[in-house]
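Written below as structure tokens is the structure these notes are about.
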Amino acid sequence: MAKSIVQEFTKGLWEELPPFRLVLGLCPVLGVTTSMENGLGMGVATTFVLACSNILVSLLRNIIPPKVRIACFIIIIASFVIVVEHLLQAYAYPLFLKLGVFIPLIVVNCIVLGRAEAFASKNGIASSTADGMGIGIGFTLSLGALGAFREILGKGSLTIWGDLGYNLTSVFPSFQPFEFMVQAPGAFIGLGLMLCAINAIGD
Amino acid sequence: MGYFELIIACIFVNNILLAQFLGNCPFLGTSKKMETAVGMSMAVIFVLVLAGTITWLIFTYVLVEFNLVYLRTIAFIVVIASLVQFVEMFLKKSIPALYAGLGIFLPLITTNCAVMGVCILNIDKEFTFMQSLVASFAYAVGFGLALILFAGVRERILLARVPKPLQDTSIGLVTAGMIALAFYAFKGMV
């Protein structure tokens, strides 16, 4: 049974929520979520690559010879990653510096290649676009949530956009931030606990 | 920075898995059994040293020379993918024993972001040829060390009773966090 476009879009938001349900592409999830802003920025960059590569793969799906399809997909994805890299460098330089090595690494993000191979190479343009956007937005929201979780516990504050922010310590003066939540170990533990929460809700 | 400090920094302080978060998919995927963890570590050491040096040469003598630095991402992924293919064919023909040992882990390395990540880090940190050779090797050893330690812990967790929502990957991540906490102690050493 073919799913409708809306269903293709919404499945990425819960049913196949990338980092939690599919447990794929964990490196950027762990690496950039030291704050909500970074997480969202990375998510938007990945969404762009995901949607564009899905569209192009879907367009070319009858032309690409099946034997060399993976190589073709990787080249398509790499081209869009270069586009994103230069766009960020030009228009969002501070974010570009913070995300660092993780932007070129979108190329090897399993989610992007996974969607190209499992979905876009078999479906039409409209549903592939919806799929790419859905999975991408799900990924962005997950990164943002984990970033917010780590930032609140680790720094006791939440930066929303630039100077706009919310300081937890002014409301609860006795709150002591856990410094380690914004460091490496906190990434693993934070993601593990969120995965646990999602599993508990899902059951 | 001397080579000794570089090695210590790459294995412990900036451990590729636990401090830089690169290559986490195989970290969680192949750590359920000690055997697969060892296989993956060996394959990564082998490919990473080759990939790190070859991408360095290509970047310095081709991309910089012809002003094509913006093609770095696409050039590196193509080099890594073809290198993995080449290594696979070479091993199959000439060292079948090693090929059988590495098995399915070789093709998986193409999408291991630790390999691509180290190649990019070598360039970003402006290492010389020798430095990138040493750093690639040390990063790969650090990958193996963390993976094998983690697999050891994970085999023991199988015997423990874990609450249902925490099972499998979830408890794996929390465990990885504990190991990362141990590695965190190395911070500021070099």
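How things are named: the first chain in the structure tokens is A, the next is B, and so on; residues count from 1 in each chain; ligands count from 1 in the order shown.
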Env of Gly117 in chain B: 7 Å cut, atoms = only C-alpha atoms, seq-sep filter 4 positions within chain, self excluded. Answer as a ChimeraX atom specification. /A:101,105 /B:22,113,121
Create the file for the chosen residues now, containing N, CA and C atoms and written as a short mmCIF file (atom, residue, chain, number, x, y, z; two decimals), in the first residue's frame.
data_model
loop_
_atom_site.label_atom_id
_atom_site.label_comp_id
_atom_site.auth_asym_id
_atom_site.auth_seq_id
_atom_site.Cartn_x
_atom_site.Cartn_y
_atom_site.Cartn_z
N VAL A 101 34.63 20.08 11.81
CA VAL A 101 34.84 18.90 10.98
C VAL A 101 33.53 18.17 10.69
N LEU A 105 31.69 15.99 7.25
CA LEU A 105 31.36 14.60 7.60
C LEU A 105 29.90 14.26 7.35
N LEU B 22 33.97 10.57 16.64
CA LEU B 22 33.97 10.13 15.24
C LEU B 22 33.95 8.61 15.21
N CYS B 113 33.01 7.33 9.78
CA CYS B 113 33.42 8.72 9.70
C CYS B 113 34.75 8.95 10.43
N LEU B 121 41.07 16.14 9.79
CA LEU B 121 41.79 16.72 10.94
C LEU B 121 43.26 16.92 10.61
#
Using only C-alpha atoms, I'd like a table of the residues in chain B that come within 6 Å of chain A; for each, show the closest atom pair and its distance in Å rounded to one decimal, ordered by chain and ascending number, as JSON lines.
{"residue": "B:Ala19", "atom": "CA", "partner": "A:Ala184", "partner_atom": "CA", "distance": 5.5}
{"residue": "B:Phe21", "atom": "CA", "partner": "A:Cys27", "partner_atom": "CA", "distance": 5.4}
{"residue": "B:Leu22", "atom": "CA", "partner": "A:Cys27", "partner_atom": "CA", "distance": 5.5}
{"residue": "B:Asn24", "atom": "CA", "partner": "A:Cys27", "partner_atom": "CA", "distance": 5.6}
{"residue": "B:Thr73", "atom": "CA", "partner": "A:Pro104", "partner_atom": "CA", "distance": 6.0}
{"residue": "B:Ile74", "atom": "CA", "partner": "A:Ala78", "partner_atom": "CA", "distance": 5.2}
{"residue": "B:Thr111", "atom": "CA", "partner": "A:Val108", "partner_atom": "CA", "distance": 5.1}
{"residue": "B:Cys113", "atom": "CA", "partner": "A:Val108", "partner_atom": "CA", "distance": 5.8}
{"residue": "B:Pro165", "atom": "CA", "partner": "A:Cys196", "partner_atom": "CA", "distance": 5.1}
{"residue": "B:Leu166", "atom": "CA", "partner": "A:Cys196", "partner_atom": "CA", "distance": 4.9}
{"residue": "B:Ser170", "atom": "CA", "partner": "A:Gly192", "partner_atom": "CA", "distance": 4.5}
{"residue": "B:Leu173", "atom": "CA", "partner": "A:Gly192", "partner_atom": "CA", "distance": 4.8}
{"residue": "B:Val174", "atom": "CA", "partner": "A:Ile189", "partner_atom": "CA", "distance": 4.5}
{"residue": "B:Gly177", "atom": "CA", "partner": "A:Pro185", "partner_atom": "CA", "distance": 4.5}
{"residue": "B:Ala180", "atom": "CA", "partner": "A:Pro185", "partner_atom": "CA", "distance": 4.9}
{"residue": "B:Leu181", "atom": "CA", "partner": "A:Pro185", "partner_atom": "CA", "distance": 5.2}
So how many Å separate CA of Ile111 in chain A and CA of Pro18 in chain A, to one decimal?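 Here the two named atoms are 7.3 Å from each other.
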CA of Lys32 in chain B to CA of Leu158 in chain B, straight-line distance in Å: 8.9 Å
If you measure from CA of Val134 in chain B to CA of Leu6 in chain B, what distance in Å do you get, rounded to one decimal?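 According to the coordinates, CA of Val134 in chain B and CA of Leu6 in chain B are separated by 7.8 Å.
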Which residues are close to Leu50 in chain B, i.e. within 9 Å by only C-alpha atoms, leaving aside same-chain residues fewer than 4 positions away? Reply as a VMD selection string. chain B and resid 45 to 46 54 to 55 83 133 136
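Counting only C-alpha atoms, the residue from B:Val79, B:Met42, B:Cys119, B:Leu102 that sits nearest to Trp56 in chain B is B:Cys119.
Compared by their closest atoms to Ile179 in chain B, and using only C-alpha atoms, the residues B:Val47, B:Val162, B:Val87, B:Val153 rank with B:Val153 nearest.
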Range 16-66 of chain B: residues DSSP assigns to alpha helix (DSSP H), reported as a VMD selection string: chain B and resid 24 to 29 34 to 58
Write out as number ranges by chain which residues come within 7 Å of Thr129 in chain A when counting only C-alpha atoms, dropping same-chain ones fewer than 6 positions away. A: 51, 54-55
